[in-house]
$ cat start_38.cif   # mmCIF, C-alpha atoms
data_protein
loop_
_atom_site.label_atom_id
_atom_site.label_comp_id
_atom_site.auth_asym_id
_atom_site.auth_seq_id
_atom_site.Cartn_x
_atom_site.Cartn_y
_atom_site.Cartn_z
CA MET Z 1 0.00 0.00 0.00
CA ARG Z 2 1.49 3.33 -1.03
CA HIS Z 3 0.90 6.58 0.79
CA ARG Z 4 3.07 9.66 0.56
CA SER Z 5 5.10 8.28 -2.32
CA LEU Z 6 2.47 9.52 -4.77
CA LEU Z 7 3.25 13.13 -3.78
CA ILE Z 8 6.75 12.93 -5.21
CA LEU Z 9 6.88 15.36 -8.06
CA THR Z 10 7.39 13.81 -11.43
CA THR Z 11 8.49 15.16 -14.75
CA ALA Z 12 5.87 16.58 -17.04
CA VAL Z 13 3.72 14.04 -18.79
CA THR Z 14 4.66 13.65 -22.42
CA THR Z 15 1.58 13.85 -24.56
CA GLY Z 16 3.22 13.91 -27.98
CA ALA Z 17 0.72 14.94 -30.59
CA LEU Z 18 -2.13 15.43 -28.13
CA THR Z 19 -4.16 18.56 -28.73
CA LEU Z 20 -6.24 20.51 -26.27
CA SER Z 21 -9.66 18.92 -25.99
CA ALA Z 22 -12.83 20.93 -26.44
CA CYS Z 23 -13.86 19.38 -23.16
CA GLY Z 24 -10.48 20.06 -21.61
CA SER Z 25 -9.94 23.75 -22.18
CA ARG Z 26 -9.40 26.37 -19.50
CA ASP Z 27 -12.22 28.78 -18.94
CA ASP Z 28 -11.90 32.54 -18.44
CA SER Z 29 -11.92 32.28 -14.68
CA GLY Z 30 -8.21 31.52 -14.54
CA GLY Z 31 -6.34 29.27 -12.18
CA SER Z 32 -6.49 28.27 -8.56
CA GLY Z 33 -4.44 31.10 -7.18
CA GLY Z 34 -1.46 28.92 -6.31
CA ASP Z 35 1.94 30.33 -5.43
CA GLY Z 36 3.84 28.58 -8.21
CA ASP Z 37 4.43 25.32 -6.38
CA THR Z 38 3.03 22.20 -8.04
CA LYS Z 39 1.11 19.67 -6.02
CA THR Z 40 0.48 16.18 -7.36
CA VAL Z 41 -3.10 15.05 -6.88
CA THR Z 42 -4.06 11.45 -7.57
CA ILE Z 43 -7.30 10.24 -9.08
CA GLY Z 44 -7.93 6.58 -8.37
CA LEU Z 45 -9.46 4.18 -10.87
CA ASP Z 46 -11.01 0.76 -10.45
CA ALA Z 47 -11.87 -1.49 -13.40
CA PRO Z 48 -11.35 -5.06 -14.65
CA LEU Z 49 -7.88 -4.72 -16.16
CA THR Z 50 -7.51 -8.49 -16.42
CA GLY Z 51 -9.97 -11.30 -17.11
CA ASP Z 52 -12.86 -11.69 -19.53
CA LEU Z 53 -13.98 -8.05 -19.32
CA SER Z 54 -10.50 -6.54 -19.57
CA ALA Z 55 -11.14 -5.05 -23.03
CA LEU Z 56 -13.78 -2.77 -21.50
CA GLY Z 57 -11.66 -2.14 -18.41
CA GLN Z 58 -8.56 -1.18 -20.36
CA GLY Z 59 -10.61 1.22 -22.47
CA ILE Z 60 -11.83 2.86 -19.27
CA LYS Z 61 -8.31 3.11 -17.86
CA ASN Z 62 -6.77 4.52 -21.03
CA SER Z 63 -9.49 7.14 -21.40
CA ALA Z 64 -9.22 8.25 -17.78
CA GLU Z 65 -5.45 8.50 -18.13
CA LEU Z 66 -5.90 10.59 -21.26
CA ALA Z 67 -8.06 13.05 -19.32
CA THR Z 68 -5.31 13.56 -16.74
CA LYS Z 69 -2.74 14.06 -19.51
CA ILE Z 70 -4.89 16.69 -21.20
CA ALA Z 71 -5.52 18.44 -17.87
CA ASN Z 72 -1.79 18.56 -17.13
CA LYS Z 73 -0.82 19.72 -20.61
CA ASN Z 74 -3.48 22.40 -20.45
CA LYS Z 75 -2.69 23.39 -16.84
CA GLU Z 76 -6.38 22.99 -16.15
CA VAL Z 77 -5.90 23.61 -12.43
CA ASP Z 78 -3.08 26.01 -11.64
CA GLY Z 79 -0.55 24.50 -9.28
CA VAL Z 80 -1.94 20.97 -9.63
CA GLU Z 81 -0.49 18.02 -11.51
CA PHE Z 82 -2.89 15.08 -11.86
CA LYS Z 83 -1.91 11.44 -11.98
CA LEU Z 84 -3.95 8.28 -12.25
CA GLU Z 85 -3.67 5.29 -9.91
CA ALA Z 86 -5.35 2.36 -11.68
CA LEU Z 87 -6.31 -0.78 -9.76
CA ASP Z 88 -7.62 -4.08 -11.13
CA ASP Z 89 -10.81 -5.59 -9.73
CA ALA Z 90 -11.03 -8.45 -12.29
CA ALA Z 91 -14.82 -7.82 -12.18
CA GLN Z 92 -14.96 -9.20 -8.63
CA PRO Z 93 -16.86 -7.32 -5.87
CA SER Z 94 -14.42 -8.43 -3.17
CA SER Z 95 -11.47 -7.04 -5.16
CA GLY Z 96 -13.34 -3.81 -5.78
CA GLN Z 97 -13.94 -3.36 -2.07
CA GLN Z 98 -10.26 -4.02 -1.32
CA ASN Z 99 -9.27 -1.48 -3.95
CA ALA Z 100 -11.64 1.10 -2.49
CA ASN Z 101 -9.95 0.66 0.89
CA LYS Z 102 -6.52 1.05 -0.71
CA LEU Z 103 -7.54 4.27 -2.41
CA ILE Z 104 -9.05 5.94 0.65
CA ALA Z 105 -5.96 4.98 2.68
CA ASP Z 106 -3.75 6.90 0.25
CA ASP Z 107 -3.54 10.50 1.45
CA ASP Z 108 -3.00 11.80 -2.09
CA VAL Z 109 -6.17 10.35 -3.68
CA VAL Z 110 -8.90 12.95 -4.10
CA GLY Z 111 -11.54 10.81 -5.83
CA ALA Z 112 -12.13 7.64 -7.83
CA VAL Z 113 -13.37 6.71 -11.29
CA GLY Z 114 -15.16 3.39 -11.77
CA PRO Z 115 -15.98 0.64 -11.62
CA LEU Z 116 -17.38 -1.12 -14.69
CA ASN Z 117 -19.69 -3.62 -12.99
CA SER Z 118 -22.68 -2.58 -10.93
CA ASN Z 119 -22.19 -5.35 -8.36
CA VAL Z 120 -18.60 -4.21 -7.90
CA GLY Z 121 -19.88 -0.65 -7.52
CA GLN Z 122 -22.18 -1.77 -4.73
CA SER Z 123 -19.24 -3.25 -2.85
CA MET Z 124 -17.33 0.05 -3.02
CA GLN Z 125 -19.98 2.68 -2.32
CA LYS Z 126 -20.06 2.42 1.46
CA VAL Z 127 -16.26 2.50 1.70
CA PHE Z 128 -16.02 5.73 -0.27
CA ASP Z 129 -18.98 7.29 1.51
CA LYS Z 130 -17.54 6.60 4.95
CA ALA Z 131 -14.31 8.30 3.87
CA GLY Z 132 -16.19 11.21 2.30
CA MET Z 133 -14.54 10.64 -1.09
CA VAL Z 134 -16.25 11.06 -4.44
CA GLN Z 135 -16.81 8.11 -6.78
CA VAL Z 136 -17.85 8.65 -10.41
CA SER Z 137 -18.69 5.59 -12.47
CA PRO Z 138 -18.68 5.65 -16.29
CA ALA Z 139 -20.50 2.33 -16.59
CA ASN Z 140 -22.66 1.30 -13.59
CA THR Z 141 -26.24 1.15 -14.87
CA ALA Z 142 -28.16 -0.53 -12.02
CA PRO Z 143 -30.63 2.12 -10.76
CA GLU Z 144 -30.43 1.05 -7.10
CA LEU Z 145 -26.87 2.37 -6.77
CA SER Z 146 -28.16 5.93 -6.89
CA GLN Z 147 -31.89 5.61 -6.21
CA GLY Z 148 -32.07 2.90 -3.55
CA ASN Z 149 -33.49 -0.62 -3.56
CA ALA Z 150 -37.11 0.57 -3.62
CA TRP Z 151 -36.71 2.63 -6.82
CA ARG Z 152 -39.15 0.39 -8.74
CA THR Z 153 -41.98 1.38 -6.41
CA GLY Z 154 -41.35 5.06 -7.06
CA LYS Z 155 -39.77 5.55 -3.65
CA LYS Z 156 -36.36 6.84 -4.70
CA GLU Z 157 -33.83 7.62 -1.98
CA ARG Z 158 -30.19 8.33 -2.62
CA PRO Z 159 -28.10 5.88 -0.56
CA PHE Z 160 -24.74 7.66 -0.82
CA ASP Z 161 -24.05 11.35 -1.46
CA THR Z 162 -20.54 10.50 -2.67
CA TYR Z 163 -21.72 8.40 -5.64
CA PHE Z 164 -22.18 9.83 -9.15
CA ARG Z 165 -22.24 8.40 -12.67
CA THR Z 166 -21.96 9.70 -16.22
CA CYS Z 167 -24.00 6.92 -17.89
CA ALA Z 168 -27.78 6.45 -18.09
CA THR Z 169 -29.34 3.66 -16.01
CA ASP Z 170 -31.19 0.45 -16.80
CA ALA Z 171 -34.40 2.16 -15.73
CA VAL Z 172 -34.37 3.73 -19.20
CA GLN Z 173 -32.08 1.37 -21.12
CA GLY Z 174 -34.30 -1.73 -20.80
CA PRO Z 175 -37.58 -0.01 -21.71
CA PHE Z 176 -35.95 1.83 -24.62
CA ALA Z 177 -34.95 -1.51 -26.16
CA ALA Z 178 -38.34 -3.08 -25.39
CA ARG Z 179 -40.21 -0.39 -27.29
CA TYR Z 180 -37.97 -0.80 -30.31
CA ILE Z 181 -38.27 -4.58 -30.33
CA TYR Z 182 -42.07 -4.58 -29.94
CA GLU Z 183 -43.13 -1.50 -31.87
CA GLU Z 184 -40.56 -1.25 -34.64
CA LYS Z 185 -39.15 -4.76 -35.10
CA LYS Z 186 -42.63 -6.23 -34.46
CA LEU Z 187 -41.20 -9.11 -32.39
CA LYS Z 188 -43.91 -10.24 -29.99
CA LYS Z 189 -42.57 -13.40 -28.30
CA GLY Z 190 -39.46 -13.15 -26.15
CA PHE Z 191 -37.33 -15.62 -24.19
CA ILE Z 192 -35.64 -13.76 -21.33
CA ILE Z 193 -32.38 -14.89 -19.75
CA ASP Z 194 -30.17 -13.27 -17.12
CA ASP Z 195 -26.92 -14.08 -15.34
CA LYS Z 196 -28.32 -13.44 -11.81
CA LYS Z 197 -25.87 -10.58 -11.25
CA THR Z 198 -26.97 -7.09 -10.19
CA TYR Z 199 -26.61 -5.62 -13.67
CA GLY Z 200 -27.99 -8.52 -15.70
CA LYS Z 201 -30.93 -9.32 -13.46
CA GLY Z 202 -31.96 -5.68 -13.18
CA LEU Z 203 -31.65 -4.96 -16.88
CA ALA Z 204 -33.66 -8.05 -17.87
CA GLY Z 205 -36.30 -7.01 -15.33
CA THR Z 206 -36.77 -3.51 -16.75
CA PHE Z 207 -36.92 -4.88 -20.29
CA ARG Z 208 -39.51 -7.51 -19.36
CA GLN Z 209 -41.70 -5.05 -17.49
CA GLU Z 210 -41.92 -2.68 -20.46
CA PHE Z 211 -42.22 -5.47 -23.05
CA THR Z 212 -45.19 -7.12 -21.33
CA LYS Z 213 -46.81 -3.75 -20.67
CA LEU Z 214 -46.76 -3.14 -24.42
CA GLY Z 215 -48.44 -6.50 -25.05
CA GLY Z 216 -45.43 -8.72 -25.63
CA LYS Z 217 -45.48 -12.34 -24.50
CA VAL Z 218 -42.66 -13.97 -22.54
CA VAL Z 219 -42.54 -17.57 -23.77
CA GLY Z 220 -39.72 -18.65 -21.47
CA THR Z 221 -37.19 -17.54 -18.89
CA ASP Z 222 -33.94 -18.90 -17.55
CA HIS Z 223 -30.86 -18.02 -15.54
CA VAL Z 224 -27.29 -18.91 -16.45
CA ASP Z 225 -23.93 -19.00 -14.74
CA PRO Z 226 -21.78 -16.46 -16.60
CA LYS Z 227 -18.67 -18.49 -15.80
CA GLU Z 228 -19.95 -21.35 -17.93
CA LYS Z 229 -19.46 -21.55 -21.68
CA ASP Z 230 -21.74 -24.48 -22.49
CA PHE Z 231 -25.27 -23.15 -23.05
CA THR Z 232 -26.62 -26.14 -24.97
CA ALA Z 233 -29.48 -26.72 -22.53
CA VAL Z 234 -30.77 -23.16 -22.62
CA ALA Z 235 -30.29 -23.02 -26.40
CA ASN Z 236 -32.55 -26.04 -26.80
CA LYS Z 237 -35.16 -24.44 -24.51
CA VAL Z 238 -35.16 -21.34 -26.67
CA LYS Z 239 -35.61 -23.41 -29.84
CA LYS Z 240 -38.57 -25.35 -28.37
CA ALA Z 241 -40.24 -22.21 -27.03
CA GLY Z 242 -40.71 -20.72 -30.47
CA ALA Z 243 -39.44 -17.30 -29.41
CA ASP Z 244 -39.01 -14.42 -31.87
CA PHE Z 245 -35.94 -13.21 -29.98
CA VAL Z 246 -33.89 -13.71 -26.83
CA TYR Z 247 -33.23 -10.92 -24.37
CA TYR Z 248 -30.07 -11.50 -22.36
CA GLY Z 249 -29.29 -9.54 -19.23
CA GLY Z 250 -25.57 -10.10 -18.89
CA GLU Z 251 -22.13 -9.45 -20.36
CA TYR Z 252 -20.41 -10.38 -23.62
CA PRO Z 253 -18.12 -13.20 -22.34
CA ALA Z 254 -21.23 -15.35 -21.80
CA GLY Z 255 -23.51 -13.59 -24.27
CA ALA Z 256 -21.32 -14.34 -27.30
CA PRO Z 257 -21.08 -18.14 -26.89
CA MET Z 258 -24.77 -18.16 -25.95
CA THR Z 259 -25.90 -16.51 -29.17
CA ASP Z 260 -23.60 -18.82 -31.13
CA GLN Z 261 -25.09 -21.92 -29.54
CA ILE Z 262 -28.68 -20.70 -29.81
CA LYS Z 263 -28.30 -20.30 -33.55
CA LYS Z 264 -26.51 -23.61 -33.90
CA ALA Z 265 -29.47 -25.21 -32.10
CA GLY Z 266 -31.68 -24.01 -34.94
CA ALA Z 267 -33.19 -20.85 -33.48
CA LYS Z 268 -32.26 -18.30 -36.12
CA ILE Z 269 -33.39 -15.35 -34.02
CA PRO Z 270 -31.62 -12.27 -32.69
CA VAL Z 271 -30.18 -12.02 -29.22
CA VAL Z 272 -30.86 -8.61 -27.72
CA GLY Z 273 -29.04 -7.18 -24.73
CA GLY Z 274 -27.67 -4.13 -22.98
CA ASP Z 275 -24.49 -2.10 -23.09
CA ALA Z 276 -22.38 -5.03 -21.83
CA LEU Z 277 -22.95 -6.70 -25.22
CA PHE Z 278 -21.92 -3.55 -27.07
CA SER Z 279 -18.29 -4.50 -27.59
CA GLY Z 280 -16.15 -5.54 -30.51
CA GLU Z 281 -15.22 -8.57 -28.41
CA TYR Z 282 -18.81 -9.83 -28.67
CA ILE Z 283 -18.52 -9.98 -32.45
CA LYS Z 284 -15.03 -11.51 -32.31
CA LEU Z 285 -16.24 -14.31 -30.04
CA ALA Z 286 -19.56 -15.11 -31.74
CA LYS Z 287 -18.28 -14.45 -35.27
CA LYS Z 288 -20.96 -14.81 -37.99
CA ASN Z 289 -23.57 -15.90 -35.46
CA SER Z 290 -23.53 -12.42 -33.92
CA GLU Z 291 -25.04 -11.09 -37.15
CA GLY Z 292 -28.42 -9.46 -36.52
CA ASP Z 293 -27.99 -9.25 -32.75
CA ILE Z 294 -28.93 -6.01 -31.03
CA ALA Z 295 -27.34 -4.17 -28.11
CA SER Z 296 -28.40 -0.97 -26.40
CA SER Z 297 -25.82 1.47 -25.13
CA VAL Z 298 -25.86 4.64 -23.09
CA GLY Z 299 -25.53 7.93 -24.95
CA MET Z 300 -25.21 8.70 -28.64
CA PRO Z 301 -22.53 7.18 -30.93
CA LEU Z 302 -19.31 9.04 -30.15
CA GLU Z 303 -18.41 9.06 -33.82
CA GLU Z 304 -21.42 11.30 -34.49
CA LEU Z 305 -20.78 13.81 -31.71
CA ASP Z 306 -18.80 16.98 -32.37
CA THR Z 307 -17.86 16.97 -28.69
CA ALA Z 308 -16.05 13.64 -29.14
CA LYS Z 309 -13.85 14.57 -32.08
CA GLU Z 310 -10.94 15.87 -30.01
CA PHE Z 311 -11.15 12.88 -27.68
CA MET Z 312 -10.93 10.40 -30.56
CA LYS Z 313 -8.08 12.37 -32.13
CA ASN Z 314 -6.17 12.50 -28.87
CA TYR Z 315 -6.80 8.85 -28.08
CA LYS Z 316 -5.38 7.85 -31.46
CA ALA Z 317 -2.38 10.12 -30.98
CA ALA Z 318 -1.67 8.54 -27.58
CA LYS Z 319 -1.17 5.19 -29.38
CA TYR Z 320 -2.94 3.02 -26.83
CA ASP Z 321 -2.80 -0.69 -27.62
CA LEU Z 322 -6.56 -1.22 -27.16
CA PRO Z 323 -9.61 0.80 -28.29
CA TYR Z 324 -11.58 3.03 -25.92
CA GLU Z 325 -14.53 0.64 -26.28
CA ALA Z 326 -18.09 1.33 -25.09
CA TYR Z 327 -17.24 3.36 -21.98
CA GLY Z 328 -14.15 5.31 -23.01
CA GLY Z 329 -15.94 8.61 -23.52
CA TYR Z 330 -17.77 8.22 -20.22
CA ALA Z 331 -14.54 7.37 -18.41
CA TYR Z 332 -12.94 10.52 -19.81
CA ASP Z 333 -15.96 12.54 -18.70
CA SER Z 334 -15.98 10.92 -15.24
CA THR Z 335 -12.33 11.84 -14.77
CA TRP Z 336 -12.88 15.32 -16.13
CA ALA Z 337 -15.77 15.81 -13.72
CA ILE Z 338 -13.43 15.11 -10.78
CA ILE Z 339 -10.86 17.48 -12.27
CA GLN Z 340 -13.50 20.21 -12.60
CA ALA Z 341 -14.63 19.67 -9.00
CA VAL Z 342 -11.01 19.95 -7.85
CA LYS Z 343 -10.69 23.12 -9.92
CA LYS Z 344 -13.74 24.66 -8.25
CA VAL Z 345 -12.41 23.84 -4.77
CA ALA Z 346 -9.02 25.33 -5.64
CA GLU Z 347 -10.52 28.51 -7.09
CA ASP Z 348 -12.95 29.01 -4.22
CA GLY Z 349 -10.04 29.04 -1.79
CA ASP Z 350 -6.37 29.89 -2.02
CA GLY Z 351 -5.52 26.62 -3.72
CA LEU Z 352 -6.42 23.22 -2.31
CA PRO Z 353 -6.65 22.69 1.45
CA GLU Z 354 -3.60 21.06 3.03
CA ASP Z 355 -5.80 18.48 4.70
CA MET Z 356 -6.92 15.81 2.20
CA LYS Z 357 -10.01 14.95 4.22
CA GLU Z 358 -11.18 18.53 3.85
CA THR Z 359 -10.33 18.51 0.15
CA ARG Z 360 -12.27 15.30 -0.42
CA GLU Z 361 -15.34 16.64 1.35
CA LYS Z 362 -15.26 19.87 -0.65
CA VAL Z 363 -14.84 17.96 -3.92
CA VAL Z 364 -17.97 15.92 -3.14
CA LYS Z 365 -19.95 19.11 -2.58
CA ALA Z 366 -18.52 20.73 -5.70
CA MET Z 367 -19.39 17.69 -7.84
CA ALA Z 368 -23.12 18.32 -7.46
CA ASP Z 369 -22.75 21.58 -9.40
CA VAL Z 370 -20.26 20.42 -12.04
CA LYS Z 371 -21.45 21.11 -15.58
CA PHE Z 372 -19.48 21.01 -18.82
CA GLU Z 373 -19.65 19.94 -22.44
CA GLY Z 374 -18.06 16.51 -22.31
CA VAL Z 375 -17.03 13.86 -24.79
CA SER Z 376 -20.42 12.13 -24.47
CA GLY Z 377 -22.43 15.36 -24.50
CA GLN Z 378 -23.58 17.73 -21.77
CA ILE Z 379 -22.36 16.54 -18.37
CA GLY Z 380 -24.27 17.33 -15.21
CA PHE Z 381 -25.85 15.46 -12.29
CA ASP Z 382 -29.34 15.34 -10.80
CA LYS Z 383 -30.28 15.08 -7.12
CA PHE Z 384 -29.49 11.36 -7.12
CA GLY Z 385 -26.03 11.78 -8.65
CA ASP Z 386 -27.27 10.38 -11.97
CA THR Z 387 -26.32 11.95 -15.26
CA THR Z 388 -28.81 14.41 -16.70
CA ASN Z 389 -28.01 13.03 -20.17
CA LYS Z 390 -30.62 10.31 -20.86
CA GLN Z 391 -29.77 9.67 -24.51
CA LEU Z 392 -29.54 6.07 -25.70
CA THR Z 393 -28.59 4.17 -28.86
CA LEU Z 394 -29.47 0.72 -30.17
CA TYR Z 395 -26.89 -1.05 -32.33
CA GLN Z 396 -27.35 -4.05 -34.60
CA VAL Z 397 -24.54 -6.26 -35.86
CA LYS Z 398 -24.41 -5.82 -39.62
CA GLY Z 399 -21.51 -7.02 -41.73
CA GLY Z 400 -19.47 -7.78 -38.63
CA LYS Z 401 -19.86 -4.31 -37.09
CA HIS Z 402 -22.16 -2.62 -34.58
CA VAL Z 403 -24.29 -0.23 -36.62
CA PRO Z 404 -26.64 2.34 -34.97
CA VAL Z 405 -30.29 1.58 -35.80
CA LYS Z 406 -32.14 3.68 -33.21
CA LYS Z 407 -31.17 6.82 -31.31
CA GLY Z 408 -33.14 8.93 -28.91
CA THR Z 409 -34.14 9.82 -25.36
CA PHE Z 410 -36.45 7.53 -23.41
CA LYS Z 411 -39.58 9.28 -22.25
CA GLU Z 412 -41.98 7.71 -19.77
#
$ encode --input "start_38.cif" --output "structure tokens"
Amino acid sequence: MRHRSLLILTTAVTTGALTLSACGSRDDSGGSGGDGDTKTVTIGLDAPLTGDLSALGQGIKNSAELATKIANKNKEVDGVEFKLEALDDAAQPSSGQQNANKLIADDDVVGAVGPLNSNVGQSMQKVFDKAGMVQVSPANTAPELSQGNAWRTGKKERPFDTYFRTCATDAVQGPFAARYIYEEKKLKKGFIIDDKKTYGKGLAGTFRQEFTKLGGKVVGTDHVDPKEKDFTAVANKVKKAGADFVYYGGEYPAGAPMTDQIKKAGAKIPVVGGDALFSGEYIKLAKKNSEGDIASSVGMPLEELDTAKEFMKNYKAAKYDLPYEAYGGYAYDSTWAIIQAVKKVAEDGDGLPEDMKETREKVVKAMADVKFEGVSGQIGFDKFGDTTNKQLTLYQVKGGKHVPVKKGTFKE
């Protein structure tokens, strides 16, 4: 466990051909009023950097790192040099909780980005809240993390004031997909499967609720162990049920072999899922049997957003080995949100407080009012800490690529 070592001043970060991002430019208010000394401030990050979901995790890490590089190059906060401390949770809640404890024990860490998985996020929230340190997730979509376990009943209560996220939740993602499948694709009979995890179970639940409300019929349900790769039994159930489609609440490491085996069993129907299926790895694993499958994802396609152009340019210039994947833009925005909160604290006082506990508490308060034009669009947070950006996109695999087929904002 490292503590004061992270305060050692380092040489300036080399950013090569990086340009100043539209969402990383200094405003007219100036700097933090520092006296010329540079203080290194660490932003922690937790994501699955190894294991089946590492492609998504590495994209999150790289994008968060890029945000700190841009901030340093641009001197976004006068007198402050940002660095990233990335920890691997391997998509395991116990590891995420251990990492949260490591980060709060480090006197130089001002806030944390992550994690990817909602169940990992649940294991970390209380740790960060007790320490009064902000957590901003680019990828947690389970509504209960910000709105409490009774959110389905309409009784929404924020469990932790330190928790924020830059992605839309499954409360809108599932229903958005259900309306498209029923009303536009005209698919009326669904077989619903989930992996029993917080994310998968919740997402499948919101999809099913909206689908049946519209008049759709659920012809079968099942649960799977995401660690397994043999889905022959469930594939045969799907074939016998006569479903028009399968909805899978889960992630691509299990979703890809599942869709492959469902189609090999003779059910030539699409598998539909959430943002955890929206990955190039899904197509690589399922190959031609991913064709026609549909995945929802938070936000609009980055490639179509003017606000994302600089991010994509800078990411390419940084020469990262892996793509930014589904959550890269949101990871950049999550990191930038922490940077902007730090900036506000520094500018409201004469630089940052010497006491990190005080700094952390002020950053949490500042986060509630953070607003900026981010990579993924307008960034801001509501009273629950959820993003105010409720845009969503549905992608279908066509010709071996995820192609946008439906974009919009879910309205109740």
$ residues_around --input "start_38.cif" --residues "Pro93 of chain Z" --least-positions-apart "3" --cutoff "6 Å" --atoms "all atoms listed in the file" --output "ChimeraX atom specification"
/Z:96,120,123
$ residues_near_point --input "start_38.cif" --point "(-17.7, 7.8, -0.8)" --cutoff "8 Å" --atoms "only C-alpha atoms" --output "NGL selection string"
:Z and (125-135 or 160-163)
$ closest_atom_pairs --input "start_38.cif" --of "segment 141-209 of chain Z" --to "segment 213-233 of chain Z" --cutoff "6 Å" --atoms "all atoms listed in the file" --output "JSON lines"
{"residue": "Z:Lys188", "atom": "CA", "partner": "Z:Gly216", "partner_atom": "CA", "distance": 4.9}
{"residue": "Z:Lys189", "atom": "CA", "partner": "Z:Lys217", "partner_atom": "CA", "distance": 4.9}
{"residue": "Z:Gly190", "atom": "CA", "partner": "Z:Val218", "partner_atom": "CA", "distance": 4.9}
{"residue": "Z:Phe191", "atom": "CA", "partner": "Z:Gly220", "partner_atom": "CA", "distance": 4.7}
{"residue": "Z:Ile192", "atom": "CA", "partner": "Z:Thr221", "partner_atom": "CA", "distance": 4.8}
{"residue": "Z:Ile193", "atom": "CA", "partner": "Z:Asp222", "partner_atom": "CA", "distance": 4.8}
{"residue": "Z:Asp194", "atom": "CA", "partner": "Z:His223", "partner_atom": "CA", "distance": 5.1}
{"residue": "Z:Asp195", "atom": "CA", "partner": "Z:Val224", "partner_atom": "CA", "distance": 5.0}
$ closest_atom_pairs --input "start_38.cif" --of "segment 272-313 of chain Z" --to "segment 353-373 of chain Z" --cutoff "12 Å" --atoms "all atoms listed in the file" --output "Markdown table"
| residue | atom | partner | partner_atom | distance |
| --- | --- | --- | --- | --- |
| Z:Leu305 | CA | Z:Glu373 | CA | 11.2 |
| Z:Asp306 | CA | Z:Glu373 | CA | 10.4 |
| Z:Thr307 | CA | Z:Glu373 | CA | 7.1 |
| Z:Ala308 | CA | Z:Glu373 | CA | 9.9 |
$ resolve_selection --input "start_38.cif" --expression "the PyMOL selection byres ((chain Z and resi 346) around 10)" --output "ChimeraX atom specification"
/Z:31-34,77-80,340-345,347-353,359,362-363
$ residues_near_point --input "start_38.cif" --point "(-25.7, -9.1, -37.1)" --cutoff "12 Å" --atoms "only C-alpha atoms" --output "PyMOL selection string"
chain Z and resi 256+259-260+268-272+282-284+286-295+395-405
$ resolve_selection --input "start_38.cif" --expression "the PyMOL selection byres ((chain Z and resi 198) around 7)" --output "list in words"
Ser118, Asn119, Ala142, Lys196, Lys197, Tyr199, Gly200, Lys201 and Gly202 of chain Z
$ write_last_selection --input "start_38.cif" --atoms "C-alpha atoms" --output "mmCIF file, keeping the file's coordinate frame"
data_model
loop_
_atom_site.group_PDB
_atom_site.id
_atom_site.type_symbol
_atom_site.label_atom_id
_atom_site.label_comp_id
_atom_site.auth_asym_id
_atom_site.auth_seq_id
_atom_site.Cartn_x
_atom_site.Cartn_y
_atom_site.Cartn_z
ATOM 1 C CA SER Z 118 -22.680 -2.580 -10.930
ATOM 2 C CA ASN Z 119 -22.190 -5.350 -8.360
ATOM 3 C CA ALA Z 142 -28.160 -0.530 -12.020
ATOM 4 C CA LYS Z 196 -28.320 -13.440 -11.810
ATOM 5 C CA LYS Z 197 -25.870 -10.580 -11.250
ATOM 6 C CA TYR Z 199 -26.610 -5.620 -13.670
ATOM 7 C CA GLY Z 200 -27.990 -8.520 -15.700
ATOM 8 C CA LYS Z 201 -30.930 -9.320 -13.460
ATOM 9 C CA GLY Z 202 -31.960 -5.680 -13.180
#
$ residues_around --input "start_38.cif" --residues "Leu203 of chain Z" --least-positions-apart "4" --cutoff "10 Å" --atoms "all atoms listed in the file" --output "list in words"
Thr141, Ala142, Pro143, Thr169, Asp170, Ala171, Val172, Gln173, Gly174, Pro175, Asp194, Lys197, Thr198, Tyr199, Phe207, Arg208, Tyr247, Tyr248, Gly249, Gly250, Gly273, Gly274 and Asp275 of chain Z
$ write_last_selection --input "start_38.cif" --atoms "C-alpha atoms" --output "compact mmCIF listing (two decimals), in the coordinates of the input"
# COMPACT_ATOMS: atom_id res chain seq x y z
CA THR Z 141 -26.24 1.15 -14.87
CA ALA Z 142 -28.16 -0.53 -12.02
CA PRO Z 143 -30.63 2.12 -10.76
CA THR Z 169 -29.34 3.66 -16.01
CA ASP Z 170 -31.19 0.45 -16.80
CA ALA Z 171 -34.40 2.16 -15.73
CA VAL Z 172 -34.37 3.73 -19.20
CA GLN Z 173 -32.08 1.37 -21.12
CA GLY Z 174 -34.30 -1.73 -20.80
CA PRO Z 175 -37.58 -0.01 -21.71
CA ASP Z 194 -30.17 -13.27 -17.12
CA LYS Z 197 -25.87 -10.58 -11.25
CA THR Z 198 -26.97 -7.09 -10.19
CA TYR Z 199 -26.61 -5.62 -13.67
CA PHE Z 207 -36.92 -4.88 -20.29
CA ARG Z 208 -39.51 -7.51 -19.36
CA TYR Z 247 -33.23 -10.92 -24.37
CA TYR Z 248 -30.07 -11.50 -22.36
CA GLY Z 249 -29.29 -9.54 -19.23
CA GLY Z 250 -25.57 -10.10 -18.89
CA GLY Z 273 -29.04 -7.18 -24.73
CA GLY Z 274 -27.67 -4.13 -22.98
CA ASP Z 275 -24.49 -2.10 -23.09
$ residues_around --input "start_38.cif" --residues "segment 63-67 of chain Z" --least-positions-apart "3" --cutoff "7 Å" --atoms "all atoms listed in the file" --output "list in words"
Gly59, Ile60, Ile70, Ala71, Leu84, Tyr324, Gly328, Gly329, Ala331, Tyr332, Thr335 and Trp336 of chain Z
$ closest_residue --input "start_38.cif" --among "Z:Gly255, Z:Gly148, Z:Pro138, Z:Gly205" --to "Gln122 of chain Z" --atoms "all atoms listed in the file"
Z:Gly148
$ closest_residue --input "start_38.cif" --among "Z:Gly111, Z:Pro159, Z:Gly266, Z:Pro253" --to "Ala241 of chain Z" --atoms "all atoms listed in the file"
Z:Gly266
